[in-house]
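One file, input.txt, carrying compact mmCIF, C-alpha atoms:
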```txt
# COMPACT_ATOMS: atom_id res chain seq x y z
CA MET O 1 -12.85 39.88 -23.99
CA ALA O 2 -13.13 40.18 -20.22
CA LYS O 3 -11.61 43.27 -18.69
CA ARG O 4 -8.39 42.53 -16.83
CA LYS O 5 -8.67 42.76 -13.07
CA ARG O 6 -6.46 45.36 -11.39
CA SER O 7 -5.74 46.36 -7.83
CA ARG O 8 -6.57 49.81 -6.54
CA ASN O 9 -3.02 50.88 -7.41
CA GLY O 10 -3.23 50.06 -11.12
CA ILE O 11 -1.23 46.84 -10.71
CA ILE O 12 -2.44 44.02 -12.95
CA ILE O 13 -3.77 40.99 -11.08
CA LYS O 14 -3.34 37.80 -13.10
CA SER O 15 -6.16 35.27 -13.30
CA PRO O 16 -5.49 31.55 -12.65
CA ASP O 17 -5.51 30.90 -16.41
CA GLU O 18 -3.09 33.74 -17.05
CA ILE O 19 -0.82 32.50 -14.28
CA ALA O 20 -0.79 29.02 -15.82
CA GLN O 21 0.33 30.47 -19.15
CA MET O 22 2.88 32.71 -17.50
CA ARG O 23 4.26 29.77 -15.55
CA VAL O 24 5.18 28.04 -18.81
CA ALA O 25 7.00 31.14 -20.07
CA CYS O 26 8.86 31.50 -16.78
CA GLU O 27 9.87 27.84 -16.63
CA THR O 28 11.20 28.17 -20.18
CA ALA O 29 13.16 31.31 -19.28
CA SER O 30 14.62 29.53 -16.26
CA GLU O 31 15.66 26.51 -18.32
CA ILE O 32 17.37 28.75 -20.87
CA LEU O 33 19.17 30.74 -18.18
CA GLN O 34 20.46 27.60 -16.48
CA ASN O 35 21.81 26.27 -19.77
CA VAL O 36 23.43 29.60 -20.63
CA ALA O 37 25.06 29.70 -17.18
CA LYS O 38 26.56 26.24 -17.80
CA PHE O 39 27.80 27.36 -21.25
CA ILE O 40 29.80 30.28 -19.84
CA ASP O 41 33.49 29.37 -19.66
CA VAL O 42 37.01 30.73 -20.00
CA GLY O 43 37.87 31.66 -23.58
CA LYS O 44 34.33 32.21 -24.84
CA THR O 45 33.22 35.68 -25.88
CA THR O 46 30.11 37.31 -24.49
CA LYS O 47 28.80 37.39 -28.08
CA GLU O 48 29.09 33.60 -28.26
CA VAL O 49 27.10 33.35 -25.05
CA ASP O 50 24.42 35.66 -26.41
CA LEU O 51 24.12 33.68 -29.66
CA TYR O 52 23.93 30.42 -27.73
CA ALA O 53 20.98 31.84 -25.80
CA ALA O 54 19.37 32.81 -29.12
CA GLU O 55 19.71 29.19 -30.32
CA LEU O 56 18.02 27.92 -27.18
CA MET O 57 15.17 30.39 -27.62
CA LYS O 58 14.66 29.26 -31.22
CA GLU O 59 14.61 25.60 -30.17
CA ARG O 60 11.90 26.37 -27.61
CA ASN O 61 9.78 28.47 -29.98
CA CYS O 62 10.10 31.63 -27.93
CA LYS O 63 11.60 35.05 -28.61
CA SER O 64 13.91 37.34 -26.71
CA ALA O 65 11.98 39.94 -24.74
CA PHE O 66 15.03 42.21 -24.92
CA LEU O 67 16.05 42.17 -28.59
CA GLY O 68 14.81 45.42 -30.13
CA TYR O 69 13.29 46.67 -26.86
CA ARG O 70 13.85 50.42 -27.11
CA GLY O 71 16.56 49.51 -29.60
CA PHE O 72 18.51 47.04 -27.45
CA PRO O 73 20.76 45.00 -29.79
CA GLY O 74 21.21 41.74 -27.84
CA TYR O 75 19.18 38.61 -27.16
CA THR O 76 20.26 38.71 -23.52
CA CYS O 77 21.98 41.17 -21.21
CA ILE O 78 25.54 39.96 -20.45
CA SER O 79 27.48 42.06 -17.96
CA PRO O 80 31.01 41.06 -16.87
CA ASN O 81 32.58 42.17 -13.60
CA ILE O 82 32.14 45.95 -13.24
CA GLU O 83 29.11 45.98 -15.56
CA VAL O 84 25.94 46.15 -13.47
CA VAL O 85 23.21 45.50 -16.05
CA HIS O 86 22.32 45.89 -19.74
CA GLY O 87 25.68 44.68 -21.03
CA ILE O 88 25.75 43.81 -24.74
CA GLY O 89 27.37 40.60 -25.97
CA GLY O 90 30.51 41.38 -27.94
CA ASP O 91 34.22 40.67 -28.26
CA TYR O 92 34.94 40.46 -24.53
CA VAL O 93 36.74 37.15 -23.84
CA ILE O 94 35.68 35.58 -20.56
CA GLY O 95 38.64 34.97 -18.28
CA ASP O 96 39.47 32.97 -15.19
CA GLY O 97 38.22 34.86 -12.13
CA ASP O 98 35.47 36.77 -13.93
CA ILE O 99 31.94 37.09 -12.67
CA ILE O 100 29.39 37.26 -15.49
CA SER O 101 25.85 38.50 -14.95
CA VAL O 102 23.31 37.13 -17.43
CA ASP O 103 19.72 38.35 -17.73
CA VAL O 104 17.37 36.21 -19.83
CA GLY O 105 13.91 37.49 -20.71
CA ILE O 106 11.69 35.66 -23.18
CA THR O 107 8.24 35.98 -24.70
CA LEU O 108 6.24 32.78 -25.13
CA ASN O 109 2.61 32.79 -26.28
CA GLY O 110 2.36 36.44 -25.37
CA TRP O 111 3.75 36.10 -21.83
CA ILE O 112 7.09 37.17 -20.37
CA GLY O 113 9.52 35.13 -18.32
CA ASP O 114 12.35 37.18 -16.79
CA ASN O 115 15.30 36.01 -14.67
CA ALA O 116 18.99 36.62 -14.09
CA THR O 117 22.02 35.16 -12.37
CA THR O 118 25.69 35.93 -11.89
CA VAL O 119 28.15 33.17 -12.73
CA ALA O 120 31.52 32.72 -11.00
CA VAL O 121 34.09 31.63 -13.61
CA GLY O 122 37.07 29.64 -12.34
CA ASN O 123 39.18 31.07 -9.53
CA VAL O 124 37.08 33.99 -8.35
CA ASP O 125 38.42 36.04 -5.42
CA ASP O 126 36.70 35.61 -2.06
CA GLU O 127 35.43 39.19 -1.97
CA SER O 128 33.51 38.65 -5.22
CA LYS O 129 32.28 35.26 -4.00
CA ARG O 130 30.87 36.99 -0.91
CA LEU O 131 29.21 39.57 -3.16
CA LEU O 132 27.49 36.82 -5.18
CA ALA O 133 26.33 34.90 -2.11
CA VAL O 134 24.97 38.00 -0.37
CA THR O 135 23.24 39.28 -3.50
CA GLU O 136 21.52 35.95 -4.16
CA GLN O 137 20.42 35.67 -0.53
CA SER O 138 19.05 39.23 -0.60
CA LEU O 139 16.77 38.15 -3.45
CA TYR O 140 15.32 35.38 -1.30
CA GLU O 141 15.00 37.72 1.68
CA ALA O 142 12.91 40.05 -0.49
CA MET O 143 10.80 37.31 -2.04
CA SER O 144 9.84 36.03 1.39
CA PHE O 145 7.52 39.08 1.55
CA ALA O 146 5.64 38.06 -1.64
CA ARG O 147 2.56 37.23 0.39
CA GLU O 148 -0.90 38.78 0.27
CA GLY O 149 -1.21 41.53 2.86
CA GLU O 150 2.48 42.41 3.05
CA TYR O 151 3.60 45.87 1.98
CA LEU O 152 5.61 46.28 -1.21
CA GLY O 153 7.95 48.60 0.69
CA ASP O 154 8.92 45.80 3.08
CA LEU O 155 9.75 43.51 0.17
CA CYS O 156 11.91 46.21 -1.39
CA GLY O 157 13.56 47.22 1.87
CA ALA O 158 14.55 43.63 2.66
CA VAL O 159 17.26 43.76 -0.02
CA GLU O 160 19.13 46.76 1.37
CA ASP O 161 18.53 45.67 4.95
CA TYR O 162 20.31 42.41 4.18
CA VAL O 163 23.28 43.65 2.12
CA LYS O 164 24.28 46.77 4.07
CA PRO O 165 25.79 44.96 7.08
CA PHE O 166 28.19 43.25 4.66
CA GLY O 167 29.43 46.62 3.41
CA PHE O 168 27.87 46.28 -0.04
CA SER O 169 25.70 48.91 -1.72
CA VAL O 170 22.39 48.90 -3.59
CA VAL O 171 22.04 50.40 -7.07
CA LYS O 172 19.13 52.83 -6.90
CA GLU O 173 18.88 54.03 -10.51
CA PHE O 174 17.69 50.64 -11.80
CA VAL O 175 14.89 48.59 -10.22
CA GLY O 176 12.71 45.54 -10.53
CA HIS O 177 9.17 45.72 -11.86
CA GLY O 178 5.84 44.09 -12.40
CA VAL O 179 5.78 41.67 -15.32
CA GLY O 180 3.20 39.83 -17.40
CA ARG O 181 2.24 40.44 -21.00
CA ASP O 182 4.61 43.40 -20.93
CA LEU O 183 8.23 43.30 -19.86
CA HIS O 184 7.81 46.27 -17.54
CA GLU O 185 4.50 46.70 -15.73
CA GLU O 186 3.53 48.42 -12.51
CA PRO O 187 4.74 48.49 -9.82
CA SER O 188 8.38 49.54 -9.68
CA VAL O 189 10.29 47.24 -7.31
CA PRO O 190 13.38 49.06 -6.02
CA ASN O 191 16.00 47.31 -3.90
CA TYR O 192 15.60 49.78 -1.05
CA ARG O 193 12.68 50.96 1.05
CA PRO O 194 10.80 53.67 -0.89
CA ALA O 195 9.71 56.83 0.88
CA GLY O 196 6.05 57.09 1.78
CA LYS O 197 3.28 54.55 1.79
CA THR O 198 3.49 51.59 -0.60
CA PRO O 199 0.66 49.29 -1.70
CA ARG O 200 -0.27 46.07 0.02
CA LEU O 201 0.48 43.02 -2.07
CA VAL O 202 -2.46 41.07 -3.47
CA GLU O 203 -2.64 37.45 -4.61
CA GLY O 204 -2.13 37.34 -8.38
CA MET O 205 0.46 40.10 -8.58
CA VAL O 206 3.61 39.02 -10.42
CA LEU O 207 6.89 40.79 -9.71
CA ALA O 208 10.37 40.65 -11.20
CA VAL O 209 12.58 41.09 -8.13
CA GLU O 210 16.18 41.79 -9.09
CA PRO O 211 18.83 42.96 -6.64
CA MET O 212 21.76 44.76 -8.30
CA ILE O 213 24.46 45.01 -5.66
CA ASN O 214 27.87 46.68 -5.87
CA LEU O 215 31.06 45.76 -4.06
CA GLY O 216 31.86 49.44 -3.53
CA THR O 217 30.04 52.67 -4.30
CA PRO O 218 26.35 52.64 -5.24
CA ARG O 219 27.10 55.15 -7.99
CA VAL O 220 26.85 53.97 -11.59
CA ARG O 221 27.25 55.44 -15.06
CA ILE O 222 26.12 54.47 -18.55
CA LEU O 223 28.71 53.90 -21.28
CA ASP O 224 28.65 55.59 -24.66
CA ASP O 225 26.69 52.68 -26.19
CA GLY O 226 23.70 54.08 -24.31
CA TRP O 227 23.03 50.77 -22.55
CA THR O 228 25.88 49.28 -20.54
CA VAL O 229 25.77 50.33 -16.87
CA ILE O 230 29.06 50.16 -14.94
CA THR O 231 29.99 50.86 -11.34
CA GLY O 232 31.30 54.32 -10.56
CA ASP O 233 34.46 52.99 -8.90
CA LYS O 234 34.98 50.08 -11.33
CA LYS O 235 34.56 47.47 -8.63
CA ASN O 236 32.49 44.35 -9.30
CA SER O 237 28.70 44.14 -9.27
CA ALA O 238 26.28 41.19 -9.05
CA HIS O 239 22.72 40.72 -10.30
CA PHE O 240 20.18 38.02 -9.47
CA GLU O 241 16.52 37.96 -10.50
CA HIS O 242 13.40 35.84 -10.22
CA THR O 243 9.84 36.30 -11.41
CA VAL O 244 7.67 35.65 -8.36
CA LEU O 245 3.92 35.29 -7.90
CA VAL O 246 2.28 36.73 -4.80
CA THR O 247 -0.07 34.24 -3.11
CA LYS O 248 -1.93 34.03 0.20
CA ASP O 249 0.51 31.31 1.30
CA GLY O 250 3.70 33.13 0.31
CA PRO O 251 6.00 33.39 -2.71
CA ASP O 252 5.57 31.14 -5.74
CA ILE O 253 8.83 31.49 -7.68
CA LEU O 254 7.81 31.05 -11.32
CA THR O 255 11.42 31.01 -12.56
CA ALA O 256 12.57 28.56 -9.87
CA ARG O 257 16.03 27.01 -10.27
CA PRO O 258 18.63 25.50 -7.92
CA ARG O 259 20.50 28.00 -5.75
CA GLU O 260 23.79 29.03 -7.37
CA ALA O 261 25.83 31.24 -5.07
CA THR O 262 25.32 30.01 -1.52
CA PRO O 263 28.39 30.19 0.72
CA GLU O 264 28.50 26.38 0.78
CA LEU O 265 28.62 26.15 -3.00
CA LEU O 266 31.24 28.88 -3.26
CA GLY O 267 33.34 27.50 -0.42
CA ILE O 268 33.36 30.67 1.70
CA THR O 269 32.22 31.85 5.11
CA LEU O 270 30.08 34.97 5.38
```

So, in terms of structure tokens, how does the structure I just supplied come out?
Amino acid sequence: MAKRKRSRNGIIIKSPDEIAQMRVACETASEILQNVAKFIDVGKTTKEVDLYAAELMKERNCKSAFLGYRGFPGYTCISPNIEVVHGIGGDYVIGDGDIISVDVGITLNGWIGDNATTVAVGNVDDESKRLLAVTEQSLYEAMSFAREGEYLGDLCGAVEDYVKPFGFSVVKEFVGHGVGRDLHEEPSVPNYRPAGKTPRLVEGMVLAVEPMINLGTPRVRILDDGWTVITGDKKNSAHFEHTVLVTKDGPDILTARPREATPELLGITL
């Protein structure tokens, strides 16, 4: 077996054949996420949403990349309102005005597809709508740097640079990451500009970019279940994620889907 090519920084560079296989996994993850987002509605429990995702995975002959990972008990991460990430599907009944973050990661033929969105349910308040729109746009601002020769630090810094003028805050304890055969590969992809020099991006790198943005304080805490992360002030949080391939011509979004939280779609003005 040929030795896998890596950059000078230990980051795995995917070959064209590996990218083709990963593209299939990512397209499948995107399809599942879009269907799960449509399934979310008032009166359903987060457990029902999680089990629906599991059915979709079974139909598509893939497995959850999260179930059992370090002991995680869910097929997906479902995080309502003040929950930032790593929420576990359970008895919570989705209500009118909720925002529900859903993170879908799957394994298909040995490759990972990882993506997330935050769904506005019914009559969501304008402040939360603004949070969703800004968070989603910050993801695209960051991904615009997924081009060979750009610095990783500029990609990361683009998130915080975009959200701060709106008065929102970036979660710093949890970050994006490289992705491929493993769910978490090098490099770490924070949503703020790291201190010091960061590596230049190289064609063939694949990154999971995932802004986690809070309405209020950036502080978070983990609940007693050991997984669920909530905001320190119990104000809402939003989470959007794509798996993106670095190319010489710019970002190739492997988990591409229609935009979900633009101001036009949410009926607000930023």

With all atoms listed in the file as the atoms that count, which of O:Gly216, O:Gly71, O:Pro16, O:Gly87 lies nearest to Ser237 (chain O)?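 The shortest atom-to-atom distance to Ser237 (chain O) comes from O:Gly216.
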
Find the distance between CA of Asp154 (chain O) and CA of Thr135 (chain O) and write it in Å to one decimal.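 Separation between CA of Asp154 (chain O) and CA of Thr135 (chain O): 17.1 Å.
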
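Distances to Asp126 (chain O) were evaluated for O:Leu152, O:Ala146, O:Leu215, O:Ile32 using only C-alpha atoms, and the minimum falls at O:Leu215.
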
Dig up all the protein and nucleic acid residues within 6 Å of (19.8, 41.2, -16.1) in the file frame, using all atoms listed in the file, and format them as a PyMOL selection string. chain O and resi 77+85+102-103+116

Do a neighbour search on Asn61 (chain O) at 12 Å with all atoms listed in the file, toss out local chain neighbours closer than 3 positions, and write the hits as a list in words.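 Counting only the stated atoms, we get Ala25, Thr28, Ala29, Ile32, Ala54, Glu55, Leu56, Met57, Lys58, Ser64, Ile106, Thr107, Leu108, Asn109 and Gly110 of chain O.
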
Pick out the residues sitting within 9 Å of Leu270 (chain O), and hand them over as a list in words; count all atoms listed in the file, and ignore anything fewer than 3 positions along from it in its own chain. Arg130, Ala133, Val134, Phe166 and Pro263 of chain O

If I take CA of Cys26 (chain O) and CA of His242 (chain O), how far is one from the other in Å, to one decimal? 9.1 Å

Which one is closest to Ile213 (chain O): O:Val170, O:Ala158, O:Ile88, O:Val121? Count all atoms listed in the file.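 Once distances to Ile213 (chain O) are computed over all atoms listed in the file, the minimum belongs to O:Val170.
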
Region 189-202 of chain O: which residues within 9 Å, counting all atoms listed in the file, same-chain residues fewer than 5 positions away excluded, as a PyMOL selection string? chain O and resi 7-9+13+142+145-161+170-178+207-213+246-248

Output C-alpha atoms for every residue in that selection, as a PDB file, keeping the file's coordinate frame.
```
ATOM      1  CA  SER O   7      -5.740  46.360  -7.830  1.00  0.00           C
ATOM      2  CA  ARG O   8      -6.570  49.810  -6.540  1.00  0.00           C
ATOM      3  CA  ASN O   9      -3.020  50.880  -7.410  1.00  0.00           C
ATOM      4  CA  ILE O  13      -3.770  40.990 -11.080  1.00  0.00           C
ATOM      5  CA  ALA O 142      12.910  40.050  -0.490  1.00  0.00           C
ATOM      6  CA  PHE O 145       7.520  39.080   1.550  1.00  0.00           C
ATOM      7  CA  ALA O 146       5.640  38.060  -1.640  1.00  0.00           C
ATOM      8  CA  ARG O 147       2.560  37.230   0.390  1.00  0.00           C
ATOM      9  CA  GLU O 148      -0.900  38.780   0.270  1.00  0.00           C
ATOM     10  CA  GLY O 149      -1.210  41.530   2.860  1.00  0.00           C
ATOM     11  CA  GLU O 150       2.480  42.410   3.050  1.00  0.00           C
ATOM     12  CA  TYR O 151       3.600  45.870   1.980  1.00  0.00           C
ATOM     13  CA  LEU O 152       5.610  46.280  -1.210  1.00  0.00           C
ATOM     14  CA  GLY O 153       7.950  48.600   0.690  1.00  0.00           C
ATOM     15  CA  ASP O 154       8.920  45.800   3.080  1.00  0.00           C
ATOM     16  CA  LEU O 155       9.750  43.510   0.170  1.00  0.00           C
ATOM     17  CA  CYS O 156      11.910  46.210  -1.390  1.00  0.00           C
ATOM     18  CA  GLY O 157      13.560  47.220   1.870  1.00  0.00           C
ATOM     19  CA  ALA O 158      14.550  43.630   2.660  1.00  0.00           C
ATOM     20  CA  VAL O 159      17.260  43.760  -0.020  1.00  0.00           C
ATOM     21  CA  GLU O 160      19.130  46.760   1.370  1.00  0.00           C
ATOM     22  CA  ASP O 161      18.530  45.670   4.950  1.00  0.00           C
ATOM     23  CA  VAL O 170      22.390  48.900  -3.590  1.00  0.00           C
ATOM     24  CA  VAL O 171      22.040  50.400  -7.070  1.00  0.00           C
ATOM     25  CA  LYS O 172      19.130  52.830  -6.900  1.00  0.00           C
ATOM     26  CA  GLU O 173      18.880  54.030 -10.510  1.00  0.00           C
ATOM     27  CA  PHE O 174      17.690  50.640 -11.800  1.00  0.00           C
ATOM     28  CA  VAL O 175      14.890  48.590 -10.220  1.00  0.00           C
ATOM     29  CA  GLY O 176      12.710  45.540 -10.530  1.00  0.00           C
ATOM     30  CA  HIS O 177       9.170  45.720 -11.860  1.00  0.00           C
ATOM     31  CA  GLY O 178       5.840  44.090 -12.400  1.00  0.00           C
ATOM     32  CA  LEU O 207       6.890  40.790  -9.710  1.00  0.00           C
ATOM     33  CA  ALA O 208      10.370  40.650 -11.200  1.00  0.00           C
ATOM     34  CA  VAL O 209      12.580  41.090  -8.130  1.00  0.00           C
ATOM     35  CA  GLU O 210      16.180  41.790  -9.090  1.00  0.00           C
ATOM     36  CA  PRO O 211      18.830  42.960  -6.640  1.00  0.00           C
ATOM     37  CA  MET O 212      21.760  44.760  -8.300  1.00  0.00           C
ATOM     38  CA  ILE O 213      24.460  45.010  -5.660  1.00  0.00           C
ATOM     39  CA  VAL O 246       2.280  36.730  -4.800  1.00  0.00           C
ATOM     40  CA  THR O 247      -0.070  34.240  -3.110  1.00  0.00           C
ATOM     41  CA  LYS O 248      -1.930  34.030   0.200  1.00  0.00           C
TER      42      LYS O 248
END
```
